[in-house]
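Listing of input.pdb, PDB, C-alpha atoms, pLDDT in the B column
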```pdb
ATOM      1  CA  MET Y  26     -11.345-100.978 115.230  1.00 40.00           C
ATOM      2  CA  SER Y  27     -11.235-103.859 117.689  1.00 38.00           C
ATOM      3  CA  LYS Y  28      -9.361-103.620 120.959  1.00 40.00           C
ATOM      4  CA  VAL Y  29      -6.402-105.847 121.760  1.00 41.00           C
ATOM      5  CA  HIS Y  30      -5.539-106.207 125.422  1.00 40.00           C
ATOM      6  CA  VAL Y  31      -1.842-106.543 126.185  1.00 41.00           C
ATOM      7  CA  TYR Y  32      -0.911-108.713 129.141  1.00 43.00           C
ATOM      8  CA  PRO Y  33       2.534-108.947 130.733  1.00 45.00           C
ATOM      9  CA  ASN Y  34       4.827-111.523 129.140  1.00 48.00           C
ATOM     10  CA  LYS Y  35       2.234-112.455 126.521  1.00 47.00           C
ATOM     11  CA  GLN Y  36       2.453-111.530 122.879  1.00 45.00           C
ATOM     12  CA  LEU Y  37      -0.888-111.095 121.188  1.00 43.00           C
ATOM     13  CA  HIS Y  38      -0.380-109.826 117.654  1.00 40.00           C
ATOM     14  CA  ARG Y  39      -3.613-109.518 115.695  1.00 44.00           C
ATOM     15  CA  SER Y  40      -1.964-109.018 112.342  1.00 42.00           C
ATOM     16  CA  ASN Y  41       0.717-111.710 112.190  1.00 53.00           C
ATOM     17  CA  SER Y  42      -0.162-114.264 114.882  1.00 54.00           C
ATOM     18  CA  ASN Y  43      -2.769-116.078 112.797  1.00 58.00           C
ATOM     19  CA  ILE Y  44      -0.441-116.318 109.821  1.00 69.00           C
ATOM     20  CA  ASP Y  45       2.528-117.379 111.970  1.00 88.00           C
ATOM     21  CA  ILE Y  46       0.780-120.140 113.905  1.00 91.00           C
ATOM     22  CA  GLU Y  47      -1.080-121.399 110.841  1.00 92.00           C
ATOM     23  CA  GLN Y  48       2.173-121.492 108.864  1.00 94.00           C
ATOM     24  CA  LYS Y  49       3.866-123.397 111.698  1.00 94.00           C
ATOM     25  CA  MET Y  50       1.019-125.926 111.668  1.00 94.00           C
ATOM     26  CA  ARG Y  51       1.216-126.294 107.878  1.00 94.00           C
ATOM     27  CA  SER Y  52       5.007-126.789 108.072  1.00 94.00           C
ATOM     28  CA  TYR Y  53       4.546-129.402 110.787  1.00 94.00           C
ATOM     29  CA  THR Y  54       1.920-131.220 108.693  1.00 95.00           C
ATOM     30  CA  ALA Y  55       4.157-131.175 105.601  1.00 95.00           C
ATOM     31  CA  ALA Y  56       7.099-132.541 107.608  1.00 95.00           C
ATOM     32  CA  TRP Y  57       4.782-135.174 109.101  1.00 93.00           C
ATOM     33  CA  ASN Y  58       3.778-136.433 105.664  1.00 93.00           C
ATOM     34  CA  LYS Y  59       7.417-136.651 104.554  1.00 93.00           C
ATOM     35  CA  ASN Y  60       8.437-138.294 107.870  1.00 88.00           C
ATOM     36  CA  ASP Y  61      11.037-135.515 108.046  1.00 87.00           C
ATOM     37  CA  LEU Y  62      13.792-135.692 110.648  1.00 86.00           C
ATOM     38  CA  LYS Y  63      13.143-132.089 111.712  1.00 92.00           C
ATOM     39  CA  LEU Y  64       9.656-133.021 112.972  1.00 92.00           C
ATOM     40  CA  ASP Y  65      10.848-132.839 116.611  1.00 93.00           C
ATOM     41  CA  VAL Y  66      12.205-129.332 116.083  1.00 94.00           C
ATOM     42  CA  LEU Y  67       8.942-128.242 114.453  1.00 95.00           C
ATOM     43  CA  PHE Y  68       6.954-129.807 117.324  1.00 95.00           C
ATOM     44  CA  ASP Y  69       9.044-127.823 119.827  1.00 95.00           C
ATOM     45  CA  ASP Y  70       8.466-124.641 117.817  1.00 94.00           C
ATOM     46  CA  LEU Y  71       4.702-125.300 117.658  1.00 95.00           C
ATOM     47  CA  TYR Y  72       3.832-126.297 121.251  1.00 95.00           C
ATOM     48  CA  GLN Y  73       4.503-124.512 124.566  1.00 93.00           C
ATOM     49  CA  GLN Y  74       6.684-126.286 127.157  1.00 94.00           C
ATOM     50  CA  ASP Y  75       3.737-126.186 129.600  1.00 92.00           C
ATOM     51  CA  PHE Y  76       1.159-127.322 127.020  1.00 92.00           C
ATOM     52  CA  HIS Y  77      -2.054-128.774 128.468  1.00 90.00           C
ATOM     53  CA  GLY Y  78      -5.061-130.139 126.695  1.00 89.00           C
ATOM     54  CA  ILE Y  79      -7.973-132.522 126.605  1.00 87.00           C
ATOM     55  CA  HIS Y  80      -7.988-135.340 124.067  1.00 86.00           C
ATOM     56  CA  GLU Y  81     -10.911-137.773 123.917  1.00 83.00           C
ATOM     57  CA  GLY Y  82     -11.973-136.742 127.426  1.00 80.00           C
ATOM     58  CA  LYS Y  83      -8.553-137.181 129.039  1.00 86.00           C
ATOM     59  CA  LYS Y  84      -6.156-134.480 130.190  1.00 89.00           C
ATOM     60  CA  VAL Y  85      -2.868-134.580 128.294  1.00 91.00           C
ATOM     61  CA  ASN Y  86       0.403-132.740 128.721  1.00 93.00           C
ATOM     62  CA  ARG Y  87       3.091-132.003 126.158  1.00 94.00           C
ATOM     63  CA  ILE Y  88       4.953-135.291 126.633  1.00 95.00           C
ATOM     64  CA  GLU Y  89       1.766-137.335 126.204  1.00 95.00           C
ATOM     65  CA  LEU Y  90       0.800-135.303 123.134  1.00 94.00           C
ATOM     66  CA  LYS Y  91       4.200-135.906 121.565  1.00 95.00           C
ATOM     67  CA  GLN Y  92       3.819-139.648 122.231  1.00 95.00           C
ATOM     68  CA  MET Y  93       0.373-139.633 120.573  1.00 93.00           C
ATOM     69  CA  HIS Y  94       1.880-137.923 117.526  1.00 93.00           C
ATOM     70  CA  THR Y  95       4.707-140.489 117.437  1.00 92.00           C
ATOM     71  CA  ASP Y  96       2.205-143.362 117.622  1.00 92.00           C
ATOM     72  CA  LEU Y  97       0.056-141.936 114.801  1.00 91.00           C
ATOM     73  CA  LEU Y  98       3.129-141.345 112.655  1.00 92.00           C
ATOM     74  CA  SER Y  99       4.517-144.847 113.273  1.00 91.00           C
ATOM     75  CA  GLN Y 100       1.217-146.309 112.018  1.00 90.00           C
ATOM     76  CA  GLY Y 101       1.833-144.595 108.669  1.00 90.00           C
ATOM     77  CA  ASN Y 102      -0.972-142.031 108.922  1.00 92.00           C
ATOM     78  CA  GLN Y 103      -0.845-139.028 106.586  1.00 94.00           C
ATOM     79  CA  ALA Y 104      -2.188-135.675 107.831  1.00 94.00           C
ATOM     80  CA  ARG Y 105      -4.022-132.830 106.120  1.00 94.00           C
ATOM     81  CA  LEU Y 106      -4.932-129.500 107.710  1.00 94.00           C
ATOM     82  CA  VAL Y 107      -8.510-128.887 106.525  1.00 94.00           C
ATOM     83  CA  TYR Y 108      -8.966-125.443 108.082  1.00 92.00           C
ATOM     84  CA  PHE Y 109      -7.499-123.093 110.640  1.00 92.00           C
ATOM     85  CA  ARG Y 110      -9.862-120.329 111.792  1.00 90.00           C
ATOM     86  CA  ARG Y 111      -9.522-117.549 114.339  1.00 88.00           C
ATOM     87  CA  THR Y 112     -12.228-117.733 117.014  1.00 84.00           C
ATOM     88  CA  GLY Y 113     -10.885-115.108 119.424  1.00 80.00           C
ATOM     89  CA  ALA Y 114      -7.919-112.852 120.133  1.00 80.00           C
ATOM     90  CA  CYS Y 115      -5.672-115.858 120.752  1.00 84.00           C
ATOM     91  CA  ALA Y 116      -7.939-118.843 120.065  1.00 87.00           C
ATOM     92  CA  TYR Y 117      -8.344-120.906 116.904  1.00 90.00           C
ATOM     93  CA  ASP Y 118     -10.538-123.699 115.581  1.00 90.00           C
ATOM     94  CA  MET Y 119      -8.678-126.237 113.465  1.00 92.00           C
ATOM     95  CA  LYS Y 120      -9.535-129.519 111.816  1.00 92.00           C
ATOM     96  CA  ILE Y 121      -6.982-132.149 110.825  1.00 93.00           C
ATOM     97  CA  VAL Y 122      -7.814-135.221 108.756  1.00 93.00           C
ATOM     98  CA  PHE Y 123      -5.653-138.338 108.916  1.00 92.00           C
ATOM     99  CA  VAL Y 124      -5.600-141.070 106.284  1.00 92.00           C
ATOM    100  CA  ASN Y 125      -4.278-144.488 107.268  1.00 88.00           C
ATOM    101  CA  LYS Y 126      -2.562-147.042 105.036  1.00 87.00           C
ATOM    102  CA  GLU Y 127      -5.895-148.631 104.076  1.00 88.00           C
ATOM    103  CA  GLY Y 128      -7.254-145.270 102.912  1.00 87.00           C
ATOM    104  CA  ASP Y 129      -9.659-144.836 105.828  1.00 89.00           C
ATOM    105  CA  GLU Y 130     -10.048-141.278 107.095  1.00 91.00           C
ATOM    106  CA  PHE Y 131     -10.538-139.981 110.609  1.00 88.00           C
ATOM    107  CA  SER Y 132     -10.380-136.428 111.832  1.00 89.00           C
ATOM    108  CA  PHE Y 133      -9.803-134.287 114.888  1.00 88.00           C
ATOM    109  CA  ARG Y 134     -11.277-130.858 115.435  1.00 90.00           C
ATOM    110  CA  LYS Y 135      -9.531-128.816 118.115  1.00 90.00           C
ATOM    111  CA  LEU Y 136     -10.003-125.480 119.809  1.00 89.00           C
ATOM    112  CA  ILE Y 137      -6.524-124.206 120.573  1.00 91.00           C
ATOM    113  CA  THR Y 138      -5.201-121.295 122.603  1.00 90.00           C
ATOM    114  CA  VAL Y 139      -2.051-119.581 121.357  1.00 90.00           C
ATOM    115  CA  GLU Y 140       0.425-117.967 123.760  1.00 87.00           C
ATOM    116  CA  ASP Y 141       3.671-116.373 122.586  1.00 86.00           C
ATOM    117  CA  ASP Y 142       3.080-117.713 119.047  1.00 89.00           C
ATOM    118  CA  LYS Y 143       2.894-121.324 120.294  1.00 93.00           C
ATOM    119  CA  ILE Y 144      -0.007-123.603 121.125  1.00 93.00           C
ATOM    120  CA  GLY Y 145      -0.529-123.476 124.887  1.00 92.00           C
ATOM    121  CA  GLY Y 146      -3.704-125.544 125.192  1.00 91.00           C
ATOM    122  CA  SER Y 147      -6.247-127.495 123.189  1.00 90.00           C
ATOM    123  CA  ILE Y 148      -9.519-129.335 123.567  1.00 87.00           C
ATOM    124  CA  ASP Y 149     -11.544-131.638 121.350  1.00 83.00           C
ATOM    125  CA  TYR Y 150     -14.356-129.672 119.800  1.00 76.00           C
ATOM    126  CA  ASN Y 151     -17.442-130.792 117.936  1.00 67.00           C
ATOM    127  CA  GLY Y 152     -19.383-127.539 117.980  1.00 58.00           C
ATOM    128  CA  THR Y 153     -22.186-128.742 120.209  1.00 50.00           C
ATOM    129  CA  LEU Y 154     -21.679-129.028 123.971  1.00 45.00           C
ATOM    130  CA  ALA Y 155     -18.313-127.319 124.410  1.00 46.00           C
ATOM    131  CA  SER Y 156     -18.369-123.663 125.365  1.00 47.00           C
ATOM    132  CA  THR Y 157     -15.587-121.211 125.973  1.00 49.00           C
ATOM    133  CA  LYS Y 158     -15.015-118.246 128.239  1.00 48.00           C
ATOM    134  CA  PRO Y 159     -11.972-116.065 129.020  1.00 47.00           C
ATOM    135  CA  ASN Y 160      -9.728-117.850 131.501  1.00 50.00           C
ATOM    136  CA  GLU Y 161      -8.706-116.596 134.922  1.00 55.00           C
ATOM    137  CA  LYS Y 162      -5.287-115.466 133.640  1.00 52.00           C
ATOM    138  CA  GLY Y 163      -6.974-112.847 131.488  1.00 47.00           C
ATOM    139  CA  TYR Y 164      -5.927-114.312 128.154  1.00 46.00           C
ATOM    140  CA  GLY Y 165      -6.844-117.436 126.275  1.00 48.00           C
ATOM    141  CA  LEU Y 166      -9.912-119.553 126.844  1.00 48.00           C
ATOM    142  CA  SER Y 167     -11.217-121.946 129.455  1.00 51.00           C
ATOM    143  CA  TYR Y 168     -13.463-124.730 128.307  1.00 49.00           C
ATOM    144  CA  TYR Y 169     -16.501-126.070 130.107  1.00 46.00           C
ATOM    145  CA  TRP Y 170     -19.367-128.394 129.337  1.00 44.00           C
ATOM    146  CA  HIS Y 171     -23.012-127.516 129.722  1.00 41.00           C
ATOM    147  CA  LEU Y 172     -26.288-129.360 129.456  1.00 39.00           C
ATOM    148  CA  PRO Y 173     -29.639-128.089 128.287  1.00 41.00           C
ATOM    149  CA  VAL Y 174     -31.580-126.535 131.174  1.00 42.00           C
ATOM    150  CA  TYR Y 175     -34.312-129.174 131.140  1.00 41.00           C
ATOM    151  CA  LEU Y 176     -31.725-131.872 131.974  1.00 43.00           C
ATOM    152  CA  LEU Y 177     -30.743-129.994 135.126  1.00 44.00           C
ATOM    153  CA  ARG Y 178     -34.262-130.093 136.604  1.00 45.00           C
ATOM    154  CA  SER Y 179     -35.450-133.041 138.644  1.00 48.00           C
ATOM    155  CA  ARG Y 180     -37.679-135.671 137.096  1.00 48.00           C
ATOM    156  CA  LYS Y 181     -40.442-134.790 139.576  1.00 52.00           C
ATOM    157  CA  GLU Y 182     -40.425-131.165 138.424  1.00 54.00           C
ATOM    158  CA  ILE Y 183     -40.699-132.228 134.812  1.00 48.00           C
ATOM    159  CA  ALA Y 184     -43.432-134.802 135.553  1.00 56.00           C
ATOM    160  CA  GLY Y 185     -45.362-132.295 137.707  1.00 57.00           C
ATOM    161  CA  LYS Y 186     -45.454-129.712 134.915  1.00 55.00           C
ATOM    162  CA  LYS Y 187     -46.623-132.248 132.334  1.00 50.00           C
ATOM    163  CA  SER Y 188     -49.548-133.475 134.447  1.00 48.00           C
ATOM    164  CA  LYS Y 189     -50.938-129.967 135.100  1.00 50.00           C
TER
END
```
Show how you would write the structure in this file as C-alpha cells.
Amino acid sequence: MSKVHVYPNKQLHRSNSNIDIEQKMRSYTAAWNKNDLKLDVLFDDLYQQDFHGIHEGKKVNRIELKQMHTDLLSQGNQARLVYFRRTGACAYDMKIVFVNKEGDEFSFRKLITVEDDKIGGSIDYNGTLASTKPNEKGYGLSYYWHLPVYLLRSRKEIAGKKSK
C-alpha cells in the first residue's frame, strides 16, 4: 500500500481526487464547446485563486490564463480532453486538443499540480526536457529544465578528449 503524506490545509485524497479533478475538467470542456454561460463558474471551480503556471515559456497567473481561455473561445475553437493521467500524489499529465473553424488542430500538453481539488499550477510539457521534483512546500511539483551533460562541458574539454 502506498503512503499518502498529509500536509496542513491541503487535501490529498488518493481515491477521489483524480476522479473529481478529471470530472471538473471534462465539465469545463463540455461547457466550453457549448459556449455555456456557466463557464466562468466552472473556471473558478477548476483553478485556484493563486494559480501560477508557465505557458509557451512565459509565467502566467490566473487572470492571464482566464484571458487566454477567453481569446481561444472567442476564436471559435472547440476543445477535447484527450487524456488525464495521474503522475504523482497530486500531479497530473493532461492533453487537450483544440479544433479551429477551419478544422485545423493544435494541442497543449500540461503537467498540473492539484491543491484542494483545484489546479494550483501548470507547465507546458512535451516529455523531453522538463523534469519534476517535489517542491519546497512539501506537496506538489516544481519544474526545472536540464540539458544533457555533454552540453554543460566546455568546448575545449570536448575537443581535448576527441584529439587524444
Between atom CA of Y:Glu47 and atom CA of Y:Ile148, distance in Å (one decimal):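 We find that atom CA of Y:Glu47 and atom CA of Y:Ile148 lie 17.2 Å from each other.
Counting only C-alpha atoms and comparing Y:Ile88, Y:Ala55, Y:Ser99, Y:Ile46, the residue that lies closest to Y:Tyr117 is Y:Ile46.
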All residues 12 Å or closer to Y:Lys84, only C-alpha atoms, same chain fewer than 4 positions away omitted, as a PyMOL selection string: chain Y and resi 76-80+88-90+146-149
Selected residue, from Y:Val85, Y:Asp61, Y:Thr54, Y:Asp96, that lies nearest to Y:Val122 when counting only C-alpha atoms: Y:Thr54
Using all atoms listed in the file: which of Y:Arg105, Y:Cys115, Y:Val124, Y:Ser52 has the shortest distance to Y:Lys143: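 Of Y:Arg105, Y:Cys115, Y:Val124, Y:Ser52, the one nearest Y:Lys143 is Y:Cys115, counting all atoms listed in the file.
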Atom CA of Y:Arg110 to atom CA of Y:Glu130, distance in Å rounded to a single decimal: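 Going from atom CA of Y:Arg110 over to atom CA of Y:Glu130 covers 21.5 Å.
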Which residue of Y:Leu67, Y:Leu136, Y:Asp142, Y:Phe123 approaches Y:Leu97 most closely, using only C-alpha atoms: Y:Phe123
Among listed residues Y:Tyr53, Y:Tyr108, Y:Tyr150, Y:Tyr72, nearest Y:Arg134 (using all atoms listed in the file):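 Closest to Y:Arg134, using all atoms listed in the file: Y:Tyr150.
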Local residues around (8.3, -124.6, 127.5), at most 12 Å away, using only C-alpha atoms, as a PyMOL selection string: chain Y and resi 68-77+86-88+140-141+143-145
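The gap separating atom CA of Y:Asn60 from atom CA of Y:Ala116 is 28.2 Å, in Å to one decimal.
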Distance criterion (all atoms listed in the file): nearest to Y:Gly128 out of Y:Asn58, Y:Gln48, Y:Asn102, Y:Thr95: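 Checking each candidate against Y:Gly128, we get Y:Asn102 as the closest.
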Hits from the PyMOL selection byres ((chain Y and resi 121) around 6), listed as number ranges by chain: Y: 105-107, 120, 122, 132-133
Once 3 Å is added on each side, what are the centre and the three edge lengths, in Å to one decimal, of the axis-aligned box enclosing the listed atoms of stretch 137-140 of chain Y? Present them as JSON.
```
{"center_x": -3.0, "center_y": -121.1, "center_z": 122.2, "size_x": 12.9, "size_y": 12.2, "size_z": 9.2}
```
Because some atoms of stretch 95-116 of chain Y are absent here, can you restore N, CA and C atoms and send them as a PDB file, in the frame of the given file?
```pdb
ATOM      1  N   THR Y  95       3.755-139.445 117.833  1.00 92.00           N
ATOM      2  CA  THR Y  95       4.707-140.489 117.437  1.00 92.00           C
ATOM      3  C   THR Y  95       3.976-141.775 117.080  1.00 92.00           C
ATOM      4  N   ASP Y  96       2.976-142.144 117.889  1.00 92.00           N
ATOM      5  CA  ASP Y  96       2.205-143.362 117.622  1.00 92.00           C
ATOM      6  C   ASP Y  96       1.448-143.267 116.302  1.00 92.00           C
ATOM      7  N   LEU Y  97       0.789-142.124 116.062  1.00 91.00           N
ATOM      8  CA  LEU Y  97       0.056-141.936 114.801  1.00 91.00           C
ATOM      9  C   LEU Y  97       1.008-141.994 113.603  1.00 91.00           C
ATOM     10  N   LEU Y  98       2.152-141.372 113.743  1.00 92.00           N
ATOM     11  CA  LEU Y  98       3.129-141.345 112.655  1.00 92.00           C
ATOM     12  C   LEU Y  98       3.683-142.742 112.380  1.00 92.00           C
ATOM     13  N   SER Y  99       3.960-143.499 113.440  1.00 91.00           N
ATOM     14  CA  SER Y  99       4.517-144.847 113.273  1.00 91.00           C
ATOM     15  C   SER Y  99       3.529-145.802 112.605  1.00 91.00           C
ATOM     16  N   GLN Y 100       2.237-145.492 112.679  1.00 90.00           N
ATOM     17  CA  GLN Y 100       1.217-146.309 112.018  1.00 90.00           C
ATOM     18  C   GLN Y 100       1.077-145.952 110.544  1.00 90.00           C
ATOM     19  N   GLY Y 101       1.850-144.965 110.087  1.00 90.00           N
ATOM     20  CA  GLY Y 101       1.833-144.595 108.669  1.00 90.00           C
ATOM     21  C   GLY Y 101       0.709-143.663 108.271  1.00 90.00           C
ATOM     22  N   ASN Y 102       0.116-142.959 109.225  1.00 92.00           N
ATOM     23  CA  ASN Y 102      -0.972-142.031 108.922  1.00 92.00           C
ATOM     24  C   ASN Y 102      -0.440-140.759 108.263  1.00 92.00           C
ATOM     25  N   GLN Y 103      -1.141-140.299 107.238  1.00 94.00           N
ATOM     26  CA  GLN Y 103      -0.845-139.028 106.586  1.00 94.00           C
ATOM     27  C   GLN Y 103      -1.816-137.981 107.120  1.00 94.00           C
ATOM     28  N   ALA Y 104      -1.365-136.737 107.244  1.00 94.00           N
ATOM     29  CA  ALA Y 104      -2.188-135.675 107.831  1.00 94.00           C
ATOM     30  C   ALA Y 104      -2.470-134.579 106.810  1.00 94.00           C
ATOM     31  N   ARG Y 105      -3.650-133.967 106.967  1.00 94.00           N
ATOM     32  CA  ARG Y 105      -4.022-132.830 106.120  1.00 94.00           C
ATOM     33  C   ARG Y 105      -4.756-131.817 106.985  1.00 94.00           C
ATOM     34  N   LEU Y 106      -4.270-130.579 106.985  1.00 94.00           N
ATOM     35  CA  LEU Y 106      -4.932-129.500 107.710  1.00 94.00           C
ATOM     36  C   LEU Y 106      -6.091-129.007 106.850  1.00 94.00           C
ATOM     37  N   VAL Y 107      -7.324-129.247 107.298  1.00 94.00           N
ATOM     38  CA  VAL Y 107      -8.510-128.887 106.525  1.00 94.00           C
ATOM     39  C   VAL Y 107      -8.781-127.397 106.649  1.00 94.00           C
ATOM     40  N   TYR Y 108      -8.793-126.880 107.888  1.00 92.00           N
ATOM     41  CA  TYR Y 108      -8.966-125.443 108.082  1.00 92.00           C
ATOM     42  C   TYR Y 108      -8.354-125.015 109.397  1.00 92.00           C
ATOM     43  N   PHE Y 109      -8.108-123.720 109.468  1.00 92.00           N
ATOM     44  CA  PHE Y 109      -7.499-123.093 110.640  1.00 92.00           C
ATOM     45  C   PHE Y 109      -8.136-121.716 110.748  1.00 92.00           C
ATOM     46  N   ARG Y 110      -9.074-121.557 111.701  1.00 90.00           N
ATOM     47  CA  ARG Y 110      -9.862-120.329 111.792  1.00 90.00           C
ATOM     48  C   ARG Y 110      -9.674-119.649 113.137  1.00 90.00           C
ATOM     49  N   ARG Y 111      -9.592-118.336 113.098  1.00 88.00           N
ATOM     50  CA  ARG Y 111      -9.522-117.549 114.339  1.00 88.00           C
ATOM     51  C   ARG Y 111     -10.910-117.535 114.965  1.00 88.00           C
ATOM     52  N   THR Y 112     -10.961-117.798 116.294  1.00 84.00           N
ATOM     53  CA  THR Y 112     -12.228-117.733 117.014  1.00 84.00           C
ATOM     54  C   THR Y 112     -12.190-116.705 118.133  1.00 84.00           C
ATOM     55  N   GLY Y 113     -11.040-116.114 118.379  1.00 80.00           N
ATOM     56  CA  GLY Y 113     -10.885-115.108 119.424  1.00 80.00           C
ATOM     57  C   GLY Y 113      -9.536-114.439 119.270  1.00 80.00           C
ATOM     58  N   ALA Y 114      -9.182-113.583 120.230  1.00 80.00           N
ATOM     59  CA  ALA Y 114      -7.919-112.852 120.133  1.00 80.00           C
ATOM     60  C   ALA Y 114      -6.719-113.791 120.062  1.00 80.00           C
ATOM     61  N   CYS Y 115      -6.784-114.905 120.781  1.00 84.00           N
ATOM     62  CA  CYS Y 115      -5.672-115.858 120.752  1.00 84.00           C
ATOM     63  C   CYS Y 115      -6.189-117.295 120.736  1.00 84.00           C
ATOM     64  N   ALA Y 116      -7.348-117.511 120.148  1.00 87.00           N
ATOM     65  CA  ALA Y 116      -7.939-118.843 120.065  1.00 87.00           C
ATOM     66  C   ALA Y 116      -8.272-119.175 118.611  1.00 87.00           C
TER      67      ALA Y 116
END
```
